[in-house]
$ cat final_32.csv   # CSV, N, CA and C atoms
chain,number,residue,atom,x,y,z
D,6,MET,N,0.9,-1.2,0.0
D,6,MET,CA,0.0,0.0,0.0
D,6,MET,C,0.9,1.2,0.0
D,7,ARG,N,0.5,2.2,-0.7
D,7,ARG,CA,1.3,3.5,-0.8
D,7,ARG,C,0.6,4.5,0.2
D,8,TYR,N,1.4,5.0,1.1
D,8,TYR,CA,1.0,6.0,2.0
D,8,TYR,C,1.6,7.4,1.7
D,9,LEU,N,0.9,8.4,2.0
D,9,LEU,CA,1.4,9.8,2.0
D,9,LEU,C,1.4,10.3,3.5
D,10,ALA,N,2.5,10.7,4.0
D,10,ALA,CA,2.6,11.2,5.3
D,10,ALA,C,2.6,12.8,5.3
D,11,ILE,N,1.9,13.4,6.3
D,11,ILE,CA,1.8,14.8,6.3
D,11,ILE,C,2.2,15.3,7.7
D,12,ASP,N,3.2,16.2,7.7
D,12,ASP,CA,3.6,16.9,8.9
D,12,ASP,C,3.0,18.3,8.8
D,13,TYR,N,1.8,18.4,9.3
D,13,TYR,CA,0.9,19.6,9.0
D,13,TYR,C,1.4,20.8,9.9
D,14,GLY,N,1.6,21.9,9.3
D,14,GLY,CA,2.0,23.1,10.0
D,14,GLY,C,1.3,24.3,9.5
D,15,ILE,N,1.3,25.4,10.3
D,15,ILE,CA,0.7,26.6,9.9
D,15,ILE,C,1.5,27.3,8.8
D,16,LYS,N,2.8,27.4,8.9
D,16,LYS,CA,3.6,28.0,7.9
D,16,LYS,C,4.0,27.1,6.8
D,17,ARG,N,4.4,25.8,7.2
D,17,ARG,CA,4.9,24.9,6.2
D,17,ARG,C,4.3,23.5,6.5
D,18,THR,N,4.1,22.7,5.5
D,18,THR,CA,3.7,21.3,5.7
D,18,THR,C,4.6,20.4,4.9
D,19,GLY,N,5.2,19.4,5.6
D,19,GLY,CA,6.1,18.4,5.0
D,19,GLY,C,5.3,17.2,4.5
D,20,LEU,N,5.7,16.7,3.4
D,20,LEU,CA,5.1,15.5,2.8
D,20,LEU,C,6.1,14.5,2.5
D,21,ALA,N,5.8,13.2,2.7
D,21,ALA,CA,6.7,12.1,2.5
D,21,ALA,C,5.8,10.9,1.9
D,22,VAL,N,6.5,10.0,1.2
D,22,VAL,CA,5.8,8.8,0.7
D,22,VAL,C,6.6,7.6,1.0
D,23,CYS,N,6.0,6.5,0.8
D,23,CYS,CA,6.7,5.2,1.0
D,23,CYS,C,6.6,4.4,-0.2
D,24,ASP,N,7.5,3.4,-0.3
D,24,ASP,CA,7.4,2.4,-1.4
D,24,ASP,C,6.2,1.5,-1.3
D,25,ALA,N,5.8,0.8,-2.3
D,25,ALA,CA,4.7,0.0,-2.3
D,25,ALA,C,4.8,-1.2,-1.3
D,26,GLY,N,6.1,-1.6,-1.0
D,26,GLY,CA,6.3,-2.7,-0.1
D,26,GLY,C,6.2,-2.2,1.4
D,27,GLU,N,6.0,-0.9,1.6
D,27,GLU,CA,5.8,-0.3,2.9
D,27,GLU,C,7.0,-0.5,3.8
D,28,ARG,N,8.2,-0.4,3.2
D,28,ARG,CA,9.5,-0.6,4.0
D,28,ARG,C,10.2,0.7,4.2
D,29,ILE,N,10.2,1.6,3.2
D,29,ILE,CA,11.1,2.8,3.2
D,29,ILE,C,10.2,4.1,3.0
D,30,ALA,N,10.3,5.0,3.9
D,30,ALA,CA,9.7,6.3,3.8
D,30,ALA,C,10.7,7.3,3.3
D,31,SER,N,10.3,8.1,2.3
D,31,SER,CA,11.2,9.1,1.7
D,31,SER,C,10.6,10.5,1.7
D,32,PRO,N,11.3,11.5,2.1
D,32,PRO,CA,10.8,12.9,2.0
D,32,PRO,C,10.4,13.2,0.6
D,33,LEU,N,9.3,14.0,0.5
D,33,LEU,CA,8.8,14.3,-0.9
D,33,LEU,C,9.0,15.8,-1.2
D,34,THR,N,8.3,16.6,-0.4
D,34,THR,CA,8.3,18.1,-0.6
D,34,THR,C,7.8,18.8,0.6
D,35,VAL,N,8.0,20.1,0.6
D,35,VAL,CA,7.4,21.0,1.6
D,35,VAL,C,6.5,22.0,0.9
D,36,VAL,N,5.3,22.1,1.4
D,36,VAL,CA,4.4,23.1,0.9
D,36,VAL,C,4.3,24.3,1.8
D,37,GLN,N,4.6,25.5,1.2
D,37,GLN,CA,4.6,26.7,2.0
D,37,GLN,C,3.1,27.2,2.2
D,38,GLY,N,2.7,27.5,3.4
D,38,GLY,CA,1.4,28.1,3.7
D,38,GLY,C,0.3,27.0,3.5
D,39,ARG,N,-0.9,27.5,3.5
D,39,ARG,CA,-2.0,26.5,3.4
D,39,ARG,C,-2.9,26.7,2.2
D,40,LYS,N,-2.6,27.8,1.4
D,40,LYS,CA,-3.4,28.1,0.3
D,40,LYS,C,-3.6,27.0,-0.7
D,41,ASP,N,-2.5,26.4,-1.2
D,41,ASP,CA,-2.5,25.3,-2.2
D,41,ASP,C,-2.4,23.9,-1.6
D,42,LEU,N,-2.5,23.8,-0.3
D,42,LEU,CA,-2.1,22.5,0.4
D,42,LEU,C,-3.1,21.4,-0.1
D,43,ILE,N,-4.4,21.6,0.0
D,43,ILE,CA,-5.3,20.5,-0.3
D,43,ILE,C,-5.2,20.1,-1.8
D,44,PRO,N,-5.2,21.1,-2.7
D,44,PRO,CA,-5.1,20.7,-4.1
D,44,PRO,C,-3.8,20.0,-4.4
D,45,ARG,N,-2.7,20.4,-3.7
D,45,ARG,CA,-1.4,19.7,-3.9
D,45,ARG,C,-1.5,18.3,-3.4
D,46,ILE,N,-2.1,18.1,-2.3
D,46,ILE,CA,-2.2,16.7,-1.7
D,46,ILE,C,-3.1,15.9,-2.6
D,47,LYS,N,-4.2,16.4,-3.1
D,47,LYS,CA,-5.1,15.7,-4.0
D,47,LYS,C,-4.3,15.3,-5.3
D,48,ASN,N,-3.5,16.2,-5.8
D,48,ASN,CA,-2.7,15.8,-7.0
D,48,ASN,C,-1.7,14.7,-6.7
D,49,ILE,N,-1.0,14.8,-5.6
D,49,ILE,CA,-0.1,13.7,-5.3
D,49,ILE,C,-0.8,12.4,-5.1
D,50,VAL,N,-2.0,12.4,-4.4
D,50,VAL,CA,-2.7,11.2,-4.2
D,50,VAL,C,-3.1,10.6,-5.6
D,51,ALA,N,-3.6,11.4,-6.5
D,51,ALA,CA,-4.0,10.9,-7.8
D,51,ALA,C,-2.8,10.4,-8.7
D,52,THR,N,-1.7,11.2,-8.7
D,52,THR,CA,-0.6,10.8,-9.6
D,52,THR,C,0.3,9.7,-9.0
D,53,ASP,N,0.4,9.6,-7.7
D,53,ASP,CA,1.4,8.7,-7.1
D,53,ASP,C,0.7,7.4,-6.6
D,54,GLY,N,-0.6,7.2,-6.8
D,54,GLY,CA,-1.3,6.0,-6.4
D,54,GLY,C,-1.3,5.9,-4.9
D,55,ILE,N,-1.5,7.0,-4.2
D,55,ILE,CA,-1.6,6.9,-2.7
D,55,ILE,C,-2.9,6.3,-2.3
D,56,GLU,N,-2.9,5.4,-1.4
D,56,GLU,CA,-4.1,4.7,-0.9
D,56,GLU,C,-4.5,5.1,0.5
D,57,ALA,N,-3.7,5.7,1.2
D,57,ALA,CA,-4.0,6.2,2.6
D,57,ALA,C,-3.1,7.3,3.0
D,58,LEU,N,-3.5,8.1,4.0
D,58,LEU,CA,-2.7,9.2,4.6
D,58,LEU,C,-2.3,8.9,6.0
D,59,VAL,N,-1.2,9.4,6.4
D,59,VAL,CA,-0.7,9.3,7.8
D,59,VAL,C,-0.4,10.7,8.2
D,60,LEU,N,-1.1,11.2,9.2
D,60,LEU,CA,-0.8,12.6,9.7
D,60,LEU,C,-0.1,12.5,11.0
D,61,GLY,N,0.9,13.3,11.1
D,61,GLY,CA,1.6,13.4,12.4
D,61,GLY,C,0.8,14.1,13.4
D,62,LEU,N,0.6,13.4,14.5
D,62,LEU,CA,-0.3,14.0,15.6
D,62,LEU,C,0.6,14.5,16.7
D,63,PRO,N,0.6,15.9,16.9
D,63,PRO,CA,1.5,16.5,17.8
D,63,PRO,C,1.0,16.4,19.3
D,64,LEU,N,1.2,15.3,19.9
D,64,LEU,CA,0.8,15.1,21.3
D,64,LEU,C,1.7,15.9,22.2
D,65,ASN,N,1.2,16.2,23.4
D,65,ASN,CA,2.0,16.8,24.4
D,65,ASN,C,2.9,15.7,25.0
D,66,MET,N,4.0,16.1,25.7
D,66,MET,CA,4.9,15.1,26.1
D,66,MET,C,4.3,14.1,27.1
D,67,ASP,N,3.2,14.4,27.7
D,67,ASP,CA,2.5,13.5,28.6
D,67,ASP,C,1.5,12.6,27.9
D,68,GLY,N,1.4,12.8,26.5
D,68,GLY,CA,0.5,11.9,25.7
D,68,GLY,C,-0.9,12.5,25.5
D,69,THR,N,-1.2,13.7,26.1
D,69,THR,CA,-2.5,14.3,25.9
D,69,THR,C,-2.5,15.1,24.6
D,70,GLU,N,-3.7,15.4,24.2
D,70,GLU,CA,-3.9,16.2,22.9
D,70,GLU,C,-4.1,17.6,23.3
D,71,GLY,N,-3.4,18.5,22.7
D,71,GLY,CA,-3.6,20.0,22.9
D,71,GLY,C,-4.3,20.6,21.7
D,72,PRO,N,-4.4,21.9,21.6
D,72,PRO,CA,-5.0,22.6,20.5
D,72,PRO,C,-4.5,22.2,19.1
D,73,GLN,N,-3.2,22.1,19.0
D,73,GLN,CA,-2.6,21.7,17.7
D,73,GLN,C,-3.0,20.3,17.2
D,74,ALA,N,-3.1,19.4,18.1
D,74,ALA,CA,-3.5,18.0,17.8
D,74,ALA,C,-5.0,18.0,17.3
D,75,LYS,N,-5.8,18.8,18.0
D,75,LYS,CA,-7.2,18.9,17.5
D,75,LYS,C,-7.3,19.5,16.1
D,76,LEU,N,-6.4,20.5,15.8
D,76,LEU,CA,-6.4,21.1,14.5
D,76,LEU,C,-6.0,20.1,13.4
D,77,VAL,N,-5.0,19.2,13.8
D,77,VAL,CA,-4.5,18.2,12.9
D,77,VAL,C,-5.6,17.1,12.6
D,78,ARG,N,-6.3,16.8,13.7
D,78,ARG,CA,-7.4,15.8,13.6
D,78,ARG,C,-8.5,16.3,12.6
D,79,THR,N,-8.9,17.6,12.8
D,79,THR,CA,-9.9,18.2,12.0
D,79,THR,C,-9.5,18.3,10.5
D,80,PHE,N,-8.2,18.6,10.3
D,80,PHE,CA,-7.7,18.7,8.9
D,80,PHE,C,-7.7,17.3,8.3
D,81,GLY,N,-7.3,16.3,9.1
D,81,GLY,CA,-7.2,14.9,8.6
D,81,GLY,C,-8.6,14.4,8.3
D,82,ASP,N,-9.6,14.7,9.1
D,82,ASP,CA,-11.0,14.3,8.9
D,82,ASP,C,-11.5,14.9,7.6
D,83,GLU,N,-11.2,16.2,7.3
D,83,GLU,CA,-11.6,16.9,6.1
D,83,GLU,C,-10.9,16.2,4.9
D,84,LEU,N,-9.6,15.9,5.0
D,84,LEU,CA,-8.9,15.3,3.9
D,84,LEU,C,-9.6,13.9,3.6
D,85,GLY,N,-9.8,13.2,4.6
D,85,GLY,CA,-10.4,11.8,4.4
D,85,GLY,C,-11.8,11.9,3.7
D,86,ARG,N,-12.6,12.9,4.1
D,86,ARG,CA,-13.9,13.1,3.4
D,86,ARG,C,-13.7,13.5,1.9
D,87,GLN,N,-12.8,14.4,1.7
D,87,GLN,CA,-12.6,14.9,0.3
D,87,GLN,C,-11.9,13.9,-0.6
D,88,LEU,N,-11.0,13.1,-0.1
D,88,LEU,CA,-10.3,12.2,-0.9
D,88,LEU,C,-10.9,10.7,-0.9
D,89,GLY,N,-11.7,10.4,0.1
D,89,GLY,CA,-12.3,9.1,0.2
D,89,GLY,C,-11.3,8.0,0.4
D,90,ILE,N,-10.2,8.3,1.1
D,90,ILE,CA,-9.2,7.3,1.5
D,90,ILE,C,-9.0,7.3,3.0
D,91,PRO,N,-8.5,6.2,3.6
D,91,PRO,CA,-8.3,6.1,5.0
D,91,PRO,C,-7.2,7.1,5.5
D,92,VAL,N,-7.4,7.6,6.7
D,92,VAL,CA,-6.5,8.6,7.3
D,92,VAL,C,-6.1,8.0,8.7
D,93,PHE,N,-4.8,7.9,8.9
D,93,PHE,CA,-4.3,7.4,10.2
D,93,PHE,C,-3.5,8.5,10.8
D,94,PHE,N,-3.4,8.4,12.1
D,94,PHE,CA,-2.7,9.4,12.9
D,94,PHE,C,-1.5,8.7,13.6
D,95,GLN,N,-0.4,9.3,13.6
D,95,GLN,CA,0.8,8.8,14.2
D,95,GLN,C,1.4,9.8,15.1
D,96,ASP,N,1.8,9.4,16.3
D,96,ASP,CA,2.4,10.2,17.3
D,96,ASP,C,3.7,10.8,16.7
D,97,GLU,N,3.8,12.1,16.7
D,97,GLU,CA,5.0,12.8,16.1
D,97,GLU,C,5.9,13.4,17.1
D,98,ARG,N,5.7,13.1,18.3
D,98,ARG,CA,6.6,13.8,19.3
D,98,ARG,C,8.0,13.6,19.0
D,99,LEU,N,8.8,14.6,19.0
D,99,LEU,CA,10.2,14.7,18.7
D,99,LEU,C,10.6,14.4,17.3
D,100,SER,N,9.7,14.2,16.3
D,100,SER,CA,10.1,14.0,15.0
D,100,SER,C,10.8,15.1,14.3
D,101,SER,N,10.3,16.4,14.6
D,101,SER,CA,11.0,17.5,14.0
D,101,SER,C,12.4,17.7,14.7
D,102,PHE,N,12.5,17.4,16.0
D,102,PHE,CA,13.8,17.5,16.7
D,102,PHE,C,14.8,16.5,16.1
D,103,GLU,N,14.3,15.3,15.9
D,103,GLU,CA,15.2,14.3,15.3
D,103,GLU,C,15.6,14.6,13.9
D,104,ALA,N,14.7,15.1,13.1
D,104,ALA,CA,15.0,15.5,11.7
D,104,ALA,C,16.0,16.7,11.7
D,105,GLU,N,15.8,17.6,12.6
D,105,GLU,CA,16.8,18.7,12.7
D,105,GLU,C,18.2,18.3,13.1
D,106,GLN,N,18.3,17.3,14.0
D,106,GLN,CA,19.6,16.8,14.4
D,106,GLN,C,20.3,16.2,13.2
D,107,ARG,N,19.5,15.4,12.4
D,107,ARG,CA,20.2,14.7,11.2
D,107,ARG,C,20.6,15.8,10.2
D,108,LEU,N,19.8,16.8,10.0
D,108,LEU,CA,20.1,17.9,9.0
D,108,LEU,C,21.4,18.6,9.5
D,109,ARG,N,21.5,18.8,10.8
D,109,ARG,CA,22.7,19.5,11.3
D,109,ARG,C,24.0,18.8,11.0
D,110,GLU,N,23.9,17.5,10.9
D,110,GLU,CA,25.1,16.6,10.6
D,110,GLU,C,25.5,16.8,9.1
D,111,MET,N,24.6,17.3,8.3
D,111,MET,CA,24.9,17.5,6.9
D,111,MET,C,25.5,18.9,6.7
D,112,ASP,N,26.2,19.1,5.7
D,112,ASP,CA,26.8,20.4,5.5
D,112,ASP,C,25.9,21.3,4.7
D,113,LEU,N,24.8,21.7,5.3
D,113,LEU,CA,23.8,22.6,4.6
D,113,LEU,C,23.7,23.9,5.4
D,114,SER,N,23.3,24.9,4.6
D,114,SER,CA,23.1,26.2,5.2
D,114,SER,C,21.8,26.2,6.0
D,115,ARG,N,21.7,27.1,6.9
D,115,ARG,CA,20.4,27.2,7.7
D,115,ARG,C,19.2,27.2,6.9
D,116,THR,N,19.2,28.0,5.8
D,116,THR,CA,18.1,28.1,4.9
D,116,THR,C,17.8,26.8,4.2
D,117,LYS,N,18.8,26.1,3.8
D,117,LYS,CA,18.5,24.8,3.1
D,117,LYS,C,18.0,23.8,4.2
D,118,ARG,N,18.5,23.8,5.4
D,118,ARG,CA,18.0,22.9,6.4
D,118,ARG,C,16.6,23.2,6.7
D,119,LYS,N,16.2,24.4,6.8
D,119,LYS,CA,14.8,24.8,7.1
D,119,LYS,C,13.9,24.4,6.0
D,120,ALA,N,14.4,24.5,4.7
D,120,ALA,CA,13.5,24.1,3.6
D,120,ALA,C,13.3,22.6,3.5
D,121,ARG,N,14.1,21.8,4.1
D,121,ARG,CA,14.0,20.3,4.0
D,121,ARG,C,13.4,19.7,5.3
D,122,LEU,N,13.4,20.5,6.4
D,122,LEU,CA,13.1,19.9,7.7
D,122,LEU,C,11.7,19.3,7.8
D,123,ASP,N,10.7,19.9,7.3
D,123,ASP,CA,9.4,19.4,7.4
D,123,ASP,C,9.1,18.1,6.6
D,124,ALA,N,9.7,18.0,5.4
D,124,ALA,CA,9.6,16.8,4.6
D,124,ALA,C,10.3,15.7,5.3
D,125,LEU,N,11.5,15.9,5.9
D,125,LEU,CA,12.2,14.9,6.6
D,125,LEU,C,11.5,14.5,7.9
D,126,ALA,N,10.8,15.4,8.5
D,126,ALA,CA,10.0,15.1,9.7
D,126,ALA,C,8.8,14.2,9.3
D,127,ALA,N,8.2,14.5,8.1
D,127,ALA,CA,7.1,13.7,7.6
D,127,ALA,C,7.6,12.3,7.3
D,128,ALA,N,8.8,12.2,6.8
D,128,ALA,CA,9.4,10.8,6.5
D,128,ALA,C,9.6,10.1,7.8
D,129,ASP,N,10.1,10.7,8.8
D,129,ASP,CA,10.2,10.1,10.1
D,129,ASP,C,8.9,9.6,10.7
D,130,ILE,N,7.9,10.4,10.5
D,130,ILE,CA,6.5,10.1,11.0
D,130,ILE,C,6.1,8.8,10.3
D,131,LEU,N,6.2,8.8,8.9
D,131,LEU,CA,5.8,7.7,8.1
D,131,LEU,C,6.6,6.4,8.5
D,132,GLN,N,7.9,6.6,8.6
D,132,GLN,CA,8.7,5.4,9.0
D,132,GLN,C,8.3,4.8,10.3
D,133,SER,N,8.0,5.7,11.3
D,133,SER,CA,7.5,5.2,12.6
D,133,SER,C,6.2,4.4,12.4
D,134,PHE,N,5.3,4.9,11.6
D,134,PHE,CA,4.0,4.3,11.3
D,134,PHE,C,4.3,2.9,10.7
D,135,LEU,N,5.1,2.9,9.6
D,135,LEU,CA,5.4,1.6,8.9
D,135,LEU,C,6.0,0.6,9.9
D,136,ASP,N,7.0,1.0,10.7
D,136,ASP,CA,7.7,0.1,11.6
D,136,ASP,C,6.7,-0.4,12.6
D,137,ARG,N,5.8,0.4,13.1
D,137,ARG,CA,4.8,0.0,14.1
D,137,ARG,C,3.9,-1.0,13.5
D,138,LYS,N,3.4,-0.7,12.3
D,138,LYS,CA,2.5,-1.6,11.5
D,138,LYS,C,3.1,-3.0,11.3
D,139,ALA,N,4.4,-3.0,11.0
D,139,ALA,CA,5.1,-4.2,10.7
D,139,ALA,C,5.6,-5.0,11.9
D,140,GLY,N,5.4,-4.3,13.1
D,140,GLY,CA,5.8,-4.9,14.3
D,140,GLY,C,7.3,-4.9,14.6
D,141,ARG,N,8.0,-3.8,14.0
D,141,ARG,CA,9.4,-3.7,14.2
D,141,ARG,C,9.7,-2.8,15.3
$ encode --input "final_32.csv" --output "structure tokens"
Amino acid sequence: MRYLAIDYGIKRTGLAVCDAGERIASPLTVVQGRKDLIPRIKNIVATDGIEALVLGLPLNMDGTEGPQAKLVRTFGDELGRQLGIPVFFQDERLSSFEAEQRLREMDLSRTKRKARLDALAAADILQSFLDRKAGR
């Protein structure tokens, strides 16, 4: 099954996809703002054979849901209705932090790191989902 992961944000949203064998998640792109977000997601779903969505759920460190998690759930529910495909939520605690740590190890300028961070975080979210699903 092909999944599209979404690291939903107010300023930027990271997107990532996995292979059909559900083993490897790869960063795809970062969408700036929200204006074109849903049409871009619809296009990716149609052209890349995406069968389900995985949204990163920003839980508090104690596991509770705050206002941002509720916003993500609302967005995910709307996408599910519009696209007619399943939507899964994956705990994303520390995904952006881990992605940022990996990007720091690369020789990239701050601007380039910032441009790639959200897509890499989406890939981390998707990889965690795939690993959990496979029992790894």
$ select_by_dssp --input "final_32.csv" --residues "chain D" --states "helix (DSSP H, G or I)" --output "MDAnalysis selection string"
chainID D and resid 42:53 72:88 100:110 115:139
$ closest_residue --input "final_32.csv" --among "D:Gly85, D:Arg98, D:Ala139, D:Leu76" --to "Glu27 of chain D" --atoms "only C-alpha atoms"
D:Ala139
$ closest_residue --input "final_32.csv" --among "D:Glu70, D:Arg78, D:Arg28, D:Ile15" --to "Arg141 of chain D" --atoms "only C-alpha atoms"
D:Arg28
$ select_by_dssp --input "final_32.csv" --residues "segment 11-53 of chain D" --states "strand (DSSP E or B)" --output "number ranges by chain"
D: 11-12, 17-23, 30-37
$ residues_around --input "final_32.csv" --residues "Cys23 of chain D" --least-positions-apart "4" --cutoff "8 Å" --atoms "only N, CA and C atoms" --output "mmCIF file with N, CA and C atoms, keeping the file's coordinate frame"
data_model
loop_
_atom_site.group_PDB
_atom_site.id
_atom_site.type_symbol
_atom_site.label_atom_id
_atom_site.label_comp_id
_atom_site.auth_asym_id
_atom_site.auth_seq_id
_atom_site.Cartn_x
_atom_site.Cartn_y
_atom_site.Cartn_z
ATOM 1 N N MET D 6 0.900 -1.200 0.000
ATOM 2 C CA MET D 6 0.000 0.000 0.000
ATOM 3 C C MET D 6 0.900 1.200 0.000
ATOM 4 N N ARG D 7 0.500 2.200 -0.700
ATOM 5 C CA ARG D 7 1.300 3.500 -0.800
ATOM 6 C C ARG D 7 0.600 4.500 0.200
ATOM 7 N N TYR D 8 1.400 5.000 1.100
ATOM 8 C CA TYR D 8 1.000 6.000 2.000
ATOM 9 C C TYR D 8 1.600 7.400 1.700
ATOM 10 N N LEU D 9 0.900 8.400 2.000
ATOM 11 C CA LEU D 9 1.400 9.800 2.000
ATOM 12 C C LEU D 9 1.400 10.300 3.500
ATOM 13 N N ALA D 10 2.500 10.700 4.000
ATOM 14 C CA ALA D 10 2.600 11.200 5.300
ATOM 15 C C ALA D 10 2.600 12.800 5.300
ATOM 16 N N GLU D 27 6.000 -0.900 1.600
ATOM 17 C CA GLU D 27 5.800 -0.300 2.900
ATOM 18 C C GLU D 27 7.000 -0.500 3.800
ATOM 19 N N ARG D 28 8.200 -0.400 3.200
ATOM 20 C CA ARG D 28 9.500 -0.600 4.000
ATOM 21 C C ARG D 28 10.200 0.700 4.200
ATOM 22 N N ILE D 29 10.200 1.600 3.200
ATOM 23 C CA ILE D 29 11.100 2.800 3.200
ATOM 24 C C ILE D 29 10.200 4.100 3.000
ATOM 25 N N ALA D 30 10.300 5.000 3.900
ATOM 26 C CA ALA D 30 9.700 6.300 3.800
ATOM 27 C C ALA D 30 10.700 7.300 3.300
ATOM 28 N N SER D 31 10.300 8.100 2.300
ATOM 29 C CA SER D 31 11.200 9.100 1.700
ATOM 30 C C SER D 31 10.600 10.500 1.700
ATOM 31 N N PRO D 32 11.300 11.500 2.100
ATOM 32 C CA PRO D 32 10.800 12.900 2.000
ATOM 33 C C PRO D 32 10.400 13.200 0.600
ATOM 34 N N ALA D 128 8.800 12.200 6.800
ATOM 35 C CA ALA D 128 9.400 10.800 6.500
ATOM 36 C C ALA D 128 9.600 10.100 7.800
ATOM 37 N N LEU D 131 6.200 8.800 8.900
ATOM 38 C CA LEU D 131 5.800 7.700 8.100
ATOM 39 C C LEU D 131 6.600 6.400 8.500
ATOM 40 N N GLN D 132 7.900 6.600 8.600
ATOM 41 C CA GLN D 132 8.700 5.400 9.000
ATOM 42 C C GLN D 132 8.300 4.800 10.300
#
$ residues_around --input "final_32.csv" --residues "Asp12 of chain D" --least-positions-apart "6" --cutoff "7 Å" --atoms "only N, CA and C atoms" --output "VMD selection string"
chain D and resid 18 to 21 59 to 61 123 126 to 128
$ closest_residue --input "final_32.csv" --among "D:Val92, D:Tyr13, D:Asp24, D:Gln37" --to "Ala74 of chain D" --atoms "only C-alpha atoms"
D:Tyr13
$ atom_distance --input "final_32.csv" --atom1 "atom CA of Thr34 of chain D" --atom2 "atom CA of Gly68 of chain D"
28.1 Å
$ atom_distance --input "final_32.csv" --atom1 "atom CA of Ile46 of chain D" --atom2 "atom CA of Leu58 of chain D"
9.8 Å
$ atom_distance --input "final_32.csv" --atom1 "atom CA of Val36 of chain D" --atom2 "atom CA of Asp82 of chain D"
19.5 Å
